[in-house]
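One file, coords_25.cif, carrying mmCIF, C-alpha atoms:
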data_upload
#
loop_
_atom_site.label_atom_id
_atom_site.label_comp_id
_atom_site.auth_asym_id
_atom_site.auth_seq_id
_atom_site.Cartn_x
_atom_site.Cartn_y
_atom_site.Cartn_z
CA MET A 13 0.00 0.00 0.00
CA PHE A 14 0.91 3.67 -0.41
CA GLU A 15 3.46 2.81 -3.11
CA ASP A 16 3.21 6.34 -4.48
CA LEU A 17 4.40 7.85 -1.20
CA GLU A 18 6.95 5.11 -0.53
CA GLU A 19 8.69 5.91 -3.81
CA GLU A 20 8.78 9.64 -3.06
CA SER A 21 9.99 9.19 0.54
CA ALA A 22 7.45 11.90 1.33
CA ASP A 23 7.85 13.94 4.47
CA VAL A 24 4.67 14.31 6.48
CA THR A 25 3.62 17.30 8.56
CA PRO A 26 0.35 18.17 10.34
CA ASP A 27 -0.73 20.11 7.23
CA SER A 28 -0.21 17.21 4.82
CA PRO A 29 -3.12 15.69 2.85
CA ASP A 30 -5.17 12.88 4.35
CA ARG A 31 -3.34 10.26 2.28
CA ALA A 32 0.05 11.32 3.65
CA ILE A 33 -1.30 11.27 7.22
CA ALA A 34 -2.60 7.72 6.66
CA TRP A 35 0.77 6.70 5.20
CA ALA A 36 2.53 8.03 8.32
CA ILE A 37 0.42 5.60 10.35
CA TRP A 38 1.11 2.73 7.95
CA SER A 39 4.86 3.37 8.02
CA ARG A 40 4.82 3.83 11.84
CA GLY A 41 6.20 7.36 11.50
CA GLU A 42 9.30 6.46 9.47
CA GLY A 43 10.18 9.39 7.22
CA ALA A 44 7.50 11.55 8.86
CA SER A 45 7.80 14.35 11.37
CA ILE A 46 4.66 13.17 13.20
CA THR A 47 4.10 10.08 15.32
CA THR A 48 1.36 7.49 14.86
CA GLU A 49 -0.44 8.94 17.86
CA GLU A 50 -0.28 12.45 16.38
CA ALA A 51 -1.44 11.22 12.97
CA TRP A 52 -4.61 9.69 14.42
CA ALA A 53 -5.18 12.90 16.40
CA ILE A 54 -4.93 14.93 13.18
CA LEU A 55 -7.51 12.73 11.45
CA HIS A 56 -9.79 12.99 14.49
CA GLU A 57 -9.53 16.77 14.46
CA ARG A 58 -10.33 16.85 10.74
CA TYR A 59 -13.17 14.32 10.96
CA PRO A 60 -14.48 14.30 14.54
CA ASP A 61 -17.62 12.38 13.55
CA ASP A 62 -15.60 9.19 13.01
CA PRO A 63 -14.96 7.82 16.53
CA ARG A 64 -12.51 5.21 15.20
CA PHE A 65 -9.85 7.87 14.81
CA LEU A 66 -10.04 8.89 18.47
CA LEU A 67 -10.12 5.25 19.57
CA LEU A 68 -6.98 4.48 17.56
CA ASN A 69 -5.33 7.65 18.86
CA ALA A 70 -5.95 6.33 22.39
CA TYR A 71 -4.58 2.91 21.40
CA ALA A 72 -1.43 4.44 19.88
CA GLU A 73 -0.91 6.70 22.89
CA LEU A 74 -1.38 3.81 25.30
CA SER A 75 1.01 1.63 23.28
CA GLU A 76 3.67 4.32 23.46
CA SER A 77 3.04 4.78 27.17
CA ARG A 78 3.60 1.05 27.72
CA ARG A 79 6.85 1.15 25.75
CA GLN A 80 8.10 4.11 27.77
CA ALA A 81 7.15 2.42 31.04
CA ASP A 82 9.46 -0.45 30.06
CA GLY A 83 12.31 1.82 28.99
CA PRO A 84 14.47 4.76 30.06
CA LYS A 85 11.81 7.36 29.15
CA ALA A 86 9.31 6.26 31.77
CA GLU A 87 7.24 9.15 33.12
CA ALA A 88 5.12 7.85 35.97
CA GLY A 89 1.74 9.47 36.45
CA VAL A 90 1.33 11.03 33.01
CA PHE A 91 -1.02 8.38 31.61
CA THR A 92 -3.38 8.03 34.57
CA ALA A 93 -6.61 6.07 35.03
CA ALA A 94 -8.62 9.31 35.09
CA TYR A 95 -7.05 10.56 31.85
CA PHE A 96 -7.56 7.23 30.06
CA LEU A 97 -11.17 6.89 31.25
CA LYS A 98 -12.08 10.34 29.97
CA LYS A 99 -10.64 9.54 26.57
CA VAL A 100 -12.51 6.21 26.35
CA GLU A 101 -15.73 7.94 27.41
CA ARG A 102 -15.24 10.48 24.61
CA VAL A 103 -14.93 7.63 22.12
CA LEU A 104 -18.06 5.98 23.54
CA GLY A 105 -19.97 9.24 23.22
CA GLY A 106 -19.69 9.13 19.43
CA ALA A 107 -19.62 5.36 18.89
CA THR A 108 -22.30 2.95 17.77
CA ASP A 109 -22.68 -0.57 19.19
CA ALA A 110 -20.57 -1.83 16.27
CA LEU A 111 -17.48 -0.27 17.85
CA HIS A 112 -18.08 -1.79 21.30
CA PRO A 113 -15.81 -4.84 20.66
CA GLN A 114 -12.90 -2.49 20.00
CA LEU A 115 -13.81 -0.41 23.04
CA ARG A 116 -13.77 -3.57 25.16
CA ASP A 117 -10.34 -4.40 23.77
CA LEU A 118 -9.14 -0.86 24.49
CA VAL A 119 -10.29 -1.11 28.12
CA ALA A 120 -8.64 -4.52 28.46
CA PHE A 121 -5.42 -3.28 26.82
CA GLY A 122 -5.34 -0.42 29.33
CA GLY A 123 -5.87 -2.73 32.28
CA ALA A 124 -2.50 -1.94 33.83
CA VAL A 125 -3.47 1.75 33.93
CA LEU A 126 -7.06 1.20 35.04
CA VAL A 127 -6.03 -1.00 37.97
CA GLY A 128 -5.15 2.30 39.68
CA ALA A 129 -8.73 3.62 39.42
CA LYS A 130 -10.04 4.63 42.84
CA GLY A 131 -13.14 6.40 44.14
CA ASP A 132 -15.00 8.25 41.36
CA ASP A 133 -12.68 6.77 38.74
CA ALA A 134 -13.51 3.24 39.90
CA ARG A 135 -17.23 4.01 39.71
CA SER A 136 -16.80 5.51 36.24
CA LEU A 137 -14.91 2.41 35.15
CA ALA A 138 -17.67 0.12 36.40
CA GLU A 139 -20.30 2.17 34.56
CA LEU A 140 -18.19 2.18 31.40
CA ARG A 141 -17.74 -1.59 31.50
CA ALA A 142 -21.49 -2.05 31.90
CA LYS A 143 -22.22 0.18 28.90
CA ILE A 144 -19.91 -1.69 26.53
CA GLY A 145 -20.42 -5.18 27.95
CA ALA A 146 -16.88 -5.59 29.27
CA GLU A 147 -16.07 -8.16 31.93
CA GLU A 148 -15.50 -7.02 35.50
CA GLY A 149 -12.10 -7.41 37.10
CA ASP A 150 -8.58 -6.65 35.99
CA PRO A 151 -7.42 -8.60 32.92
CA LYS A 152 -4.24 -10.63 33.14
CA ARG A 153 -1.14 -9.74 31.14
CA ASP A 154 -1.85 -12.29 28.39
CA GLU A 155 -5.43 -11.02 28.07
CA ARG A 156 -4.15 -7.46 27.71
CA ASP A 157 -1.67 -8.57 25.07
CA ARG A 158 -4.35 -10.40 23.06
CA ALA A 159 -6.56 -7.29 23.21
CA GLY A 160 -3.62 -5.24 21.93
CA LEU A 161 -3.10 -7.62 18.99
CA ARG A 162 -6.78 -7.36 18.05
CA LEU A 163 -6.56 -3.57 18.14
CA ARG A 164 -3.46 -3.72 15.96
CA ARG A 165 -5.38 -5.78 13.38
CA PHE A 166 -8.29 -3.34 13.59
CA GLU A 167 -5.88 -0.46 13.00
CA ARG A 168 -4.50 -2.17 9.89
CA GLU A 169 -8.05 -2.67 8.56
CA VAL A 170 -8.85 1.03 9.04
CA VAL A 171 -5.59 2.11 7.40
CA LYS A 172 -6.32 -0.18 4.42
CA GLU A 173 -9.70 1.55 4.10
CA LEU A 174 -8.00 4.96 4.26
CA HIS A 175 -5.55 3.84 1.55
CA GLU A 176 -8.41 2.94 -0.77
CA ARG A 177 -10.45 6.06 -0.02
CA THR A 178 -7.56 8.47 -0.57
CA GLU A 179 -6.18 7.04 -3.83
CA ASP A 180 -5.36 9.74 -6.39
CA GLY A 181 -5.08 12.22 -3.51
CA LYS A 182 -8.79 12.27 -2.67
CA PRO A 183 -9.68 13.62 0.80
CA LEU A 184 -11.62 11.45 3.21
CA GLY A 185 -14.50 13.91 3.20
CA VAL A 186 -15.36 17.45 4.18
CA ARG A 187 -13.16 18.57 7.04
CA ALA A 188 -14.52 20.08 10.21
CA ALA A 189 -14.27 23.85 10.42
CA ALA A 190 -10.85 25.00 11.54
CA PRO A 191 -10.68 26.61 15.02
CA PRO A 192 -9.97 30.33 15.29
CA ALA A 193 -6.40 31.31 14.58
CA ALA A 194 -4.19 31.49 17.62
CA ALA A 195 -1.32 33.81 18.41
CA PRO A 196 1.79 33.08 16.31
CA ALA A 197 3.62 30.12 17.81
CA ASN A 198 6.95 31.91 17.56
CA ASP A 199 5.92 35.08 19.38
CA TRP A 200 5.53 34.27 23.06
CA SER A 201 6.18 37.86 24.17
CA ALA A 202 3.37 39.30 22.06
CA ALA A 203 0.97 36.53 23.01
CA THR A 204 1.44 37.07 26.76
CA ALA A 205 1.95 40.83 26.78
CA ASP A 206 -1.61 41.77 27.78
CA GLU A 207 -1.45 41.90 31.59
CA ASP A 208 -5.24 42.28 31.85
CA LYS A 209 -6.03 39.10 29.93
CA PRO A 210 -7.26 36.29 32.23
CA ARG A 211 -4.74 33.56 33.04
CA ARG A 212 -6.05 30.15 33.98
CA LYS A 213 -4.21 27.84 36.34
CA TYR A 214 -3.01 24.72 34.55
CA ALA A 215 -4.57 21.42 35.60
CA ALA A 216 -4.57 18.17 33.68
CA THR A 217 -8.34 17.85 34.14
CA GLU A 218 -9.12 21.25 32.59
CA ARG A 219 -10.03 21.85 28.94
CA PHE A 220 -8.33 24.74 27.19
CA GLN A 221 -9.02 26.67 23.99
CA ARG A 222 -6.70 28.30 21.50
CA GLY A 223 -5.56 31.75 22.52
CA GLU A 224 -6.06 31.26 26.27
CA LEU A 225 -3.27 32.15 28.67
CA VAL A 226 -2.25 29.44 31.12
CA GLU A 227 -0.13 29.57 34.28
CA HIS A 228 1.93 26.44 34.84
CA PRO A 229 3.76 25.87 38.16
CA LYS A 230 6.93 24.79 36.37
CA PHE A 231 6.93 26.46 32.94
CA GLY A 232 5.31 29.78 33.84
CA VAL A 233 2.84 31.66 31.65
CA GLY A 234 2.00 30.19 28.25
CA VAL A 235 -0.48 30.61 25.43
CA VAL A 236 -2.54 27.74 24.03
CA THR A 237 -1.68 27.41 20.34
CA GLY A 238 -3.61 24.24 19.59
CA THR A 239 -5.41 21.22 20.97
CA GLU A 240 -5.31 17.48 20.38
CA PRO A 241 -7.44 14.71 21.90
CA GLY A 242 -6.61 14.81 25.59
CA LYS A 243 -3.84 17.39 25.21
CA ALA A 244 -3.18 21.11 24.87
CA VAL A 245 -0.32 22.53 22.83
CA ILE A 246 1.05 25.45 24.84
CA LEU A 247 3.78 27.93 23.95
CA PHE A 248 5.90 28.88 26.96
CA GLU A 249 8.90 31.16 27.03
CA SER A 250 11.07 28.03 27.03
CA GLY A 251 9.29 26.56 23.99
CA VAL A 252 6.24 24.58 22.91
CA ARG A 253 5.01 21.71 25.07
CA LYS A 254 2.14 19.23 24.76
CA LEU A 255 0.48 18.77 28.13
CA VAL A 256 -2.33 16.48 29.26
CA ALA A 257 -5.56 18.45 29.36
CA GLY A 258 -9.21 17.63 29.64
CA GLY A 259 -8.89 13.91 28.98
#
Mind turning the file's structure into structure tokens?
Amino acid sequence: MFEDLEEESADVTPDSPDRAIAWAIWSRGEGASITTEEAWAILHERYPDDPRFLLLNAYAELSESRRQADGPKAEAGVFTAAYFLKKVERVLGGATDALHPQLRDLVAFGGAVLVGAKGDDARSLAELRAKIGAEEGDPKRDERDRAGLRLRRFEREVVKELHERTEDGKPLGVRAAAPPAAAPANDWSAATADEDKPRRKYAATERFQRGELVEHPKFGVGVVTGTEPGKAVILFESGVRKLVAGG
């Protein structure tokens, strides 16, 4: 698949056509400046009515989190039960019953994260499992691995569909309206110069919009320059960072 792009060794950016974004997923990010997780997030932002894109973004993000947890880049506490549950609930909100098998696999694949669900998160998890018909209890490692393999096969099926739908450079459909333009990403001083503009305290559970000013305890004042599923792209004086936001 994607022989046309393979031959060109095409570089892929967030502004690339749908076919190039799909190829970045197929090639697992090789030759592209975006990751698989980011590519699914781009397709979700363009076509938010297709819940598969957000589901596969969550799967890719969880897969990367598991790899990091087993390696030198481990960052404990970033991919929490609360964050994961909110993302799965967002997928469920736009999904039909036909997607419930993949949602059950996603919940099983994330079992190592969800085992930490306590209090309200535990209640939300129980309600979520009831809605999608998932079994109670924490899945064992081999069950999580089998769920991950099924999601990987599902991802390949979706990418094959995207390959066929985007042949000859055709878009997948009519894109969602673009959000209002934000302050230039390379002009932090201008974006934060207005002392009277409200500044919200950063919290991983909050949702942010482009153009808002955010106060972070470590990075200081920043301006939101974009959003992705479960994340906010914020320009600080020290540079751009993607932070967990809103689940």
Practice item. Kindly resolve the PyMOL selection byres ((chain A and resi 186) around 12) on the present coordinates and return the residues as a list of chain:residue names. Key: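 With the PyMOL selection byres ((chain A and resi 186) around 12) on this model, the match is A:Asp30, A:Leu55, A:Glu57, A:Arg58, A:Tyr59, A:Pro60, A:Asp61, A:Lys182, A:Pro183, A:Leu184, A:Gly185, A:Arg187, A:Ala188, A:Ala189, A:Ala190.
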Take the residues from that selection and write them out as an mmCIF file, in the coordinates of the input, keeping C-alpha atoms.
data_model
loop_
_atom_site.group_PDB
_atom_site.id
_atom_site.type_symbol
_atom_site.label_atom_id
_atom_site.label_comp_id
_atom_site.auth_asym_id
_atom_site.auth_seq_id
_atom_site.Cartn_x
_atom_site.Cartn_y
_atom_site.Cartn_z
ATOM 1 C CA ASP A 30 -5.170 12.880 4.350
ATOM 2 C CA LEU A 55 -7.510 12.730 11.450
ATOM 3 C CA GLU A 57 -9.530 16.770 14.460
ATOM 4 C CA ARG A 58 -10.330 16.850 10.740
ATOM 5 C CA TYR A 59 -13.170 14.320 10.960
ATOM 6 C CA PRO A 60 -14.480 14.300 14.540
ATOM 7 C CA ASP A 61 -17.620 12.380 13.550
ATOM 8 C CA LYS A 182 -8.790 12.270 -2.670
ATOM 9 C CA PRO A 183 -9.680 13.620 0.800
ATOM 10 C CA LEU A 184 -11.620 11.450 3.210
ATOM 11 C CA GLY A 185 -14.500 13.910 3.200
ATOM 12 C CA ARG A 187 -13.160 18.570 7.040
ATOM 13 C CA ALA A 188 -14.520 20.080 10.210
ATOM 14 C CA ALA A 189 -14.270 23.850 10.420
ATOM 15 C CA ALA A 190 -10.850 25.000 11.540
#
Practice item. Counting all atoms listed in the file, figure out which residue out of A:Val235, A:Ala53, A:Leu17, A:Val256 gets nearest to A:Phe96. Key: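 That would be A:Val256, the residue with the smallest distance to A:Phe96.
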Revision key, fill the gap. Of A:Ala120, A:Glu15, A:Asp132, A:Trp52, the one nearest to A:Asp157 when counting all atoms listed in the file is A:Ala120
Practice item. For the point (-5.4, 21.4, 19.9) in the file's frame, write as a PyMOL selection string all residues with an atom no more than 10 Å away, counting all atoms listed in the file. Key: chain A and resi 53-54+57+191+220-222+236-246+254+257
**Study point:** Shell around A:Asp180 at 10 Å using only C-alpha atoms, local window under 5 positions removed, as a PyMOL selection string
**Key:** chain A and resi 16+31+175
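Across the model, the gap from atom CA of A:Thr25 to atom CA of A:Ser39 is 14.0 Å.
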Practice item. Give me, please, the distance in Å between atom CA of A:Arg162 and atom CA of A:Asp117, quoted to one decimal. Key: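 It comes out at 7.4 Å.
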Review point. Looking at A:Arg78, A:Asp150, A:Ala159, A:Ser28, which one is nearest to A:Leu115, with distances taken over all atoms listed in the file?
Key: A:Ala159
Taking 4 positions as the minimum chain separation for residues in the same chain, which residues sit within 7 Å of A:Leu174 when counting only C-alpha atoms? Answer as a PDB file with C-alpha atoms, in the frame of the given file.
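Saved to around.pdb:
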ATOM      1  CA  ALA A  34      -2.600   7.720   6.660  1.00  0.00           C
ATOM      2  CA  VAL A 170      -8.850   1.030   9.040  1.00  0.00           C
ATOM      3  CA  THR A 178      -7.560   8.470  -0.570  1.00  0.00           C
TER       4      THR A 178
END
Can you pull out every residue within 7 Å of A:Ala93, counting only C-alpha atoms, but drop anything in the same chain fewer than 2 positions away, and send it as a compact mmCIF listing (two decimals) with C-alpha atoms, in the frame of the given file?
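The new file part30.txt reads:
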# COMPACT_ATOMS: atom_id res chain seq x y z
CA PHE A 91 -1.02 8.38 31.61
CA TYR A 95 -7.05 10.56 31.85
CA PHE A 96 -7.56 7.23 30.06
CA LEU A 97 -11.17 6.89 31.25
CA VAL A 125 -3.47 1.75 33.93
CA LEU A 126 -7.06 1.20 35.04
CA GLY A 128 -5.15 2.30 39.68
CA ALA A 129 -8.73 3.62 39.42
Check your understanding: Contacts of A:Ala146 at 6 Å or less, counting all atoms listed in the file, minus same-chain residues fewer than 2 places along, as a ChimeraX atom specification?
Key -> /A:116,141,144
